[in-house]
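Shown next, in structure tokens, is the structure this report addresses.
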Amino acid sequence: MTNLILVGEALGDSELRLPGHPPLVGPSGAELIRMLNEAGVIRLSSFDRDYIHRYYAEANPEFINAVWALHPEIYRTNVFLTHPSHNDIDNFCGDKSTAIPGYPALGKSRYIREEFAHELDRLCADILDHNPNLIVCLGNTPLWALTGSTGISKVRGTTLLSTHTVADYKLLPTYHPAAVIRDWSLRPTVIADLMKAHRESIFPEIRRPVREIWIDPTLDDIIRFTDDYITGCDLLSTDIETTGNRITCIGFAPHPSRAIVIPFDDPRTKNGCYWPTLADERKCWGLVRSILGDPTIPKLFQNGAYDISFLWRAYGIKTYGAAEDTMLLNHALQPESLKSLGYLGSIYSDEGAWKHMRKKHETIKRDD
């Protein structure tokens with residue numbers, strides 16, 4: 001059994017120079033080794049680190065392969081053990097009539113031709129032989145091969161299960177090191193993803209945090225949640241969702257495992273309002289106002305400048321006790337990285353890419 005498999009795209013010029021065509025021994029492999037070292041996945045000697053740092057752009061395949069050999073706990077392979085002409089995967093593609101059955105396009109109107117289906121069979125056998133805890137998909141091509149989907153930027157950094165080629169193996173997609181060489185701004189993200197991969201490679205299953213989320217609450221539910229969990233909490237995570245000039249819902253989480261979502265809009269009703277009467281909605285806003293206005297409850301926001309100002313401008317609600325902001329905290333740690341909540345979730349949490357769950361979720365009321 002292998003804890004970790006790295007899956008790249010296809011053989012490159014450097015791989016062809018060595019017997020057996022070992023993968024990732026060119027500049028991309030050298031950069032990957034550097035990032036794995038910085039992520040703590042491997043430990044390079046000072047000589048290897050300095051040599052790769054100086055010469056990785058003209059990487060010596062024999063030397064890079066020798067460095068890989070020092071880390072047999074990591075197995076590396078490619079989706080295609082074939083070299084595409086001009087190093088362009090498009091040369092494996094054709095129109096939809098030539099596609100491998102059951103596989104979508106790799107890109108816009110670019111389908112991998114059926115003549116390369118045997119490569120996926122070989123990849124499947126390779127994975128089964130090594131039976132890894134985790135497979136790191138380096139770029140769009142291995143993501144396509146193992147999930148039947150693309151869009152690396154939308155799912156990178158999150159764990160998901162393989163569904164194509166071989167099923168039910170844990171995957172963690174990230175950008176290919178060649179993409180890092182082309183766009184250096186991706187590098188901190190890939191290193192963070194590899195740090196997560198190191199943690200995830202210890203066990204084979206996907207472990208999601210356990211959450212208790214109160215939805216569709218009554219006024220009594222909000223009062224009870226406030227009394228039992230919000231009052232006196234150490235830190236209250238607060239987030240609003242908006243459309244136009246109004247708030248559609250607001251969420252409070254006094255603990256990482258417990259939250260309440262208070263809706264105001266509801267597309268299930270005729271008038272689009274969650275609360276059955278105007279009096280109930282006013283009472284609800286009164287409860288929200290009392291929570292936000294309590295200076296003894298320290299509050300956490302993501303881009304709180306937006307939420308706090310929106311609450312004041314649109315509803316006249318003053319927020320007291322704003323203590324922390326995840327966007328600003330991350331900026332202090334990684335000023336060059338992205339700042340969106342989805343991105344931070346992919347880096348710091350074990351949640352899936354939640355925006356892709358919208359159309360697949362099943363709503364279950366708390367009392368059911």
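Every chain in the structure tokens takes a letter, A first, then B, and so on in the order presented; its residues are numbered from 1, and the ligands are numbered from 1 following the presented order.
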Within 12 Å of stretch 278-284 of chain A: each stretch 160-230 of chain A residue with its shortest pair, only C-alpha atoms, as JSON lines:
{"residue": "A:Pro217", "atom": "CA", "partner": "A:Cys284", "partner_atom": "CA", "distance": 10.3}
{"residue": "A:Thr218", "atom": "CA", "partner": "A:Cys284", "partner_atom": "CA", "distance": 9.0}
{"residue": "A:Leu219", "atom": "CA", "partner": "A:Cys284", "partner_atom": "CA", "distance": 6.5}
{"residue": "A:Asp220", "atom": "CA", "partner": "A:Cys284", "partner_atom": "CA", "distance": 9.9}
{"residue": "A:Asp221", "atom": "CA", "partner": "A:Cys284", "partner_atom": "CA", "distance": 10.7}
{"residue": "A:Ile222", "atom": "CA", "partner": "A:Cys284", "partner_atom": "CA", "distance": 8.2}
{"residue": "A:Ile223", "atom": "CA", "partner": "A:Cys284", "partner_atom": "CA", "distance": 9.5}
Problem set entry | Surrounding residues of A:Pro263 excluding itself and chain neighbours under 3 positions, 9 Å, only C-alpha atoms, as an MDAnalysis selection string | chainID A and resid 215:217 247:251 266 273:275
Taking C-alpha atoms for each residue, export the selection above as a compact mmCIF listing (two decimals), in the first residue's frame.
# COMPACT_ATOMS: atom_id res chain seq x y z
CA ILE A 215 -32.56 25.73 9.57
CA ASP A 216 -36.11 26.97 9.05
CA PRO A 217 -36.23 28.19 12.67
CA ILE A 247 -30.63 40.67 3.35
CA THR A 248 -31.97 37.26 2.35
CA CYS A 249 -30.62 35.40 5.38
CA ILE A 250 -28.16 35.72 8.22
CA GLY A 251 -26.14 33.00 9.91
CA ASP A 266 -38.16 32.10 0.88
CA CYS A 273 -41.08 35.99 2.43
CA TYR A 274 -40.07 33.37 5.03
CA TRP A 275 -41.99 34.86 7.94
Which residues are close to stretch 124-141 of chain A, i.e. within 9 Å by only C-alpha atoms, leaving aside same-chain residues fewer than 4 positions away? Reply as a JSON list (two decimals) with C-alpha atoms, in the first residue's frame.
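Here's the written file out-v3.json:
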[["chain", "number", "residue", "atom", "x", "y", "z"],
["A", 1, "MET", "CA", 0.00, 0.00, 0.00],
["A", 2, "THR", "CA", 1.18, 3.54, -0.85],
["A", 3, "ASN", "CA", 0.06, 6.52, 1.17],
["A", 4, "LEU", "CA", 0.33, 9.01, -1.68],
["A", 5, "ILE", "CA", 0.18, 8.88, -5.49],
["A", 6, "LEU", "CA", 0.93, 11.89, -7.67],
["A", 7, "VAL", "CA", -0.78, 11.76, -11.06],
["A", 8, "GLY", "CA", 0.39, 14.08, -13.82],
["A", 9, "GLU", "CA", -0.71, 14.50, -17.40],
["A", 10, "ALA", "CA", 1.58, 12.88, -19.98],
["A", 75, "TYR", "CA", 4.47, 6.96, -6.16],
["A", 77, "THR", "CA", 2.61, 8.36, -12.65],
["A", 79, "VAL", "CA", -2.61, 9.65, -17.08],
["A", 89, "ILE", "CA", -2.43, 17.26, -25.00],
["A", 106, "LEU", "CA", -11.37, 17.65, -21.64],
["A", 119, "GLU", "CA", -4.16, 4.42, -20.96],
["A", 120, "LEU", "CA", -7.03, 4.80, -18.52],
["A", 145, "ALA", "CA", -9.52, 10.89, -15.90],
["A", 146, "LEU", "CA", -10.52, 10.09, -12.31],
["A", 149, "SER", "CA", -15.17, 16.30, -14.84],
["A", 150, "THR", "CA", -12.94, 19.32, -15.31],
["A", 151, "GLY", "CA", -12.54, 22.75, -13.75],
["A", 152, "ILE", "CA", -9.47, 22.42, -11.55],
["A", 153, "SER", "CA", -9.77, 25.95, -10.17],
["A", 156, "ARG", "CA", -8.66, 22.31, -6.08],
["A", 165, "THR", "CA", -11.29, 4.85, -14.22],
["A", 166, "VAL", "CA", -11.26, 3.49, -10.67],
["A", 169, "TYR", "CA", -10.36, 6.54, -3.99],
["A", 170, "LYS", "CA", -9.80, 9.82, -2.20],
["A", 171, "LEU", "CA", -8.53, 12.60, -4.45],
["A", 172, "LEU", "CA", -7.12, 16.04, -3.84],
["A", 173, "PRO", "CA", -6.79, 18.14, -7.01],
["A", 174, "THR", "CA", -4.34, 20.99, -7.37],
["A", 175, "TYR", "CA", -2.62, 22.86, -10.18],
["A", 176, "HIS", "CA", 0.04, 21.14, -12.25],
["A", 177, "PRO", "CA", 3.57, 22.40, -11.50],
["A", 179, "ALA", "CA", 1.01, 25.87, -14.48],
["A", 194, "LEU", "CA", 0.28, 19.82, -0.73],
["A", 197, "ALA", "CA", -2.40, 16.35, 0.97],
["A", 200, "GLU", "CA", -4.96, 13.58, 4.18],
["A", 201, "SER", "CA", -2.53, 10.85, 3.09],
["A", 202, "ILE", "CA", -2.49, 9.40, 6.60],
["A", 203, "PHE", "CA", -5.97, 7.85, 6.19],
["A", 204, "PRO", "CA", -7.96, 6.63, 3.17],
["A", 205, "GLU", "CA", -11.46, 7.92, 3.91]]
Exercise. Per DSSP on the backbone, what are the strand (DSSP E or B) residues of stretch 199-304 of chain A, as a PyMOL selection string?
Worked result: chain A and resi 212-214+236-243+246-255+258-263+265+273+299-301
Output of the above residues as a JSON list (two decimals), in the first residue's frame, restricted to C-alpha atoms:
[["chain", "number", "residue", "atom", "x", "y", "z"],
["A", 212, "GLU", "CA", -25.33, 20.84, 13.63],
["A", 213, "ILE", "CA", -27.11, 23.54, 11.63],
["A", 214, "TRP", "CA", -30.52, 24.83, 12.64],
["A", 236, "LEU", "CA", -19.64, 34.36, 17.21],
["A", 237, "SER", "CA", -19.14, 33.84, 13.50],
["A", 238, "THR", "CA", -21.56, 36.07, 11.60],
["A", 239, "ASP", "CA", -22.40, 36.16, 7.90],
["A", 240, "ILE", "CA", -25.13, 37.74, 5.77],
["A", 241, "GLU", "CA", -26.36, 36.90, 2.29],
["A", 242, "THR", "CA", -27.73, 39.76, 0.24],
["A", 243, "THR", "CA", -29.54, 40.51, -2.98],
["A", 246, "ARG", "CA", -31.88, 43.59, 1.26],
["A", 247, "ILE", "CA", -30.63, 40.67, 3.35],
["A", 248, "THR", "CA", -31.97, 37.26, 2.35],
["A", 249, "CYS", "CA", -30.62, 35.40, 5.38],
["A", 250, "ILE", "CA", -28.16, 35.72, 8.22],
["A", 251, "GLY", "CA", -26.14, 33.00, 9.91],
["A", 252, "PHE", "CA", -24.66, 32.78, 13.40],
["A", 253, "ALA", "CA", -22.15, 30.14, 14.52],
["A", 254, "PRO", "CA", -21.02, 30.26, 18.16],
["A", 255, "HIS", "CA", -18.96, 27.10, 17.67],
["A", 258, "ARG", "CA", -23.01, 24.47, 15.56],
["A", 259, "ALA", "CA", -24.84, 27.23, 13.67],
["A", 260, "ILE", "CA", -28.24, 28.69, 12.95],
["A", 261, "VAL", "CA", -29.44, 30.13, 9.64],
["A", 262, "ILE", "CA", -32.19, 32.75, 9.94],
["A", 263, "PRO", "CA", -33.95, 33.30, 6.60],
["A", 265, "ASP", "CA", -36.54, 35.41, 1.81],
["A", 273, "CYS", "CA", -41.08, 35.99, 2.43],
["A", 299, "LYS", "CA", -17.88, 38.58, 16.54],
["A", 300, "LEU", "CA", -16.03, 37.07, 13.60],
["A", 301, "PHE", "CA", -16.68, 38.10, 9.98]]
Exercise. Hey, can you check how far atom CA of A:Asn303 sits from atom CA of A:Leu328?
Worked result: 7.4 Å
Exercise. At what distance in Å, to one decimal, does atom CA of A:Pro335 lie from atom CA of A:Trp312?
Worked result: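 Atom CA of A:Pro335 lies 28.7 Å from atom CA of A:Trp312.
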Exercise. Skipping near chain neighbours, those fewer than 4 positions away, what residues fall within 6 Å of stretch 58-64 of chain A using only C-alpha atoms, listed as a ChimeraX atom specification?
Worked result: /A:25-27
Write the selection just made, keeping C-alpha atoms, as a compact mmCIF listing (two decimals), in the first residue's frame?
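Saved as part20.txt:
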# COMPACT_ATOMS: atom_id res chain seq x y z
CA VAL A 25 11.77 14.47 -14.00
CA GLY A 26 11.85 17.70 -16.01
CA PRO A 27 11.43 21.31 -14.86
For this session: Point out the residue among A:Arg313, A:His71, A:Arg17, A:Lys339 with the least atom-to-atom distance to A:Asn37, counting only C-alpha atoms.
Result: A:His71
Problem set entry | Separation of atom CA of A:Phe80 from atom CA of A:Leu143 in Å |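 Result for atom CA of A:Leu143 versus atom CA of A:Phe80: 12.9 Å, one decimal.
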For this session: Per DSSP on the backbone, filter stretch 229-348 of chain A down to the residues in alpha helix (DSSP H) and report them as number ranges by chain.
Result: A: 278-292, 304-315, 326-333, 341-348
For this session: Find the spatial neighbours of A:Gly316, counting only C-alpha atoms, within a cut-off of 12 Å - ignore same-chain residues fewer than 3 positions away - and output them as a PyMOL selection string.
Result: chain A and resi 246+285-286+288-289+292-293+308-313+319
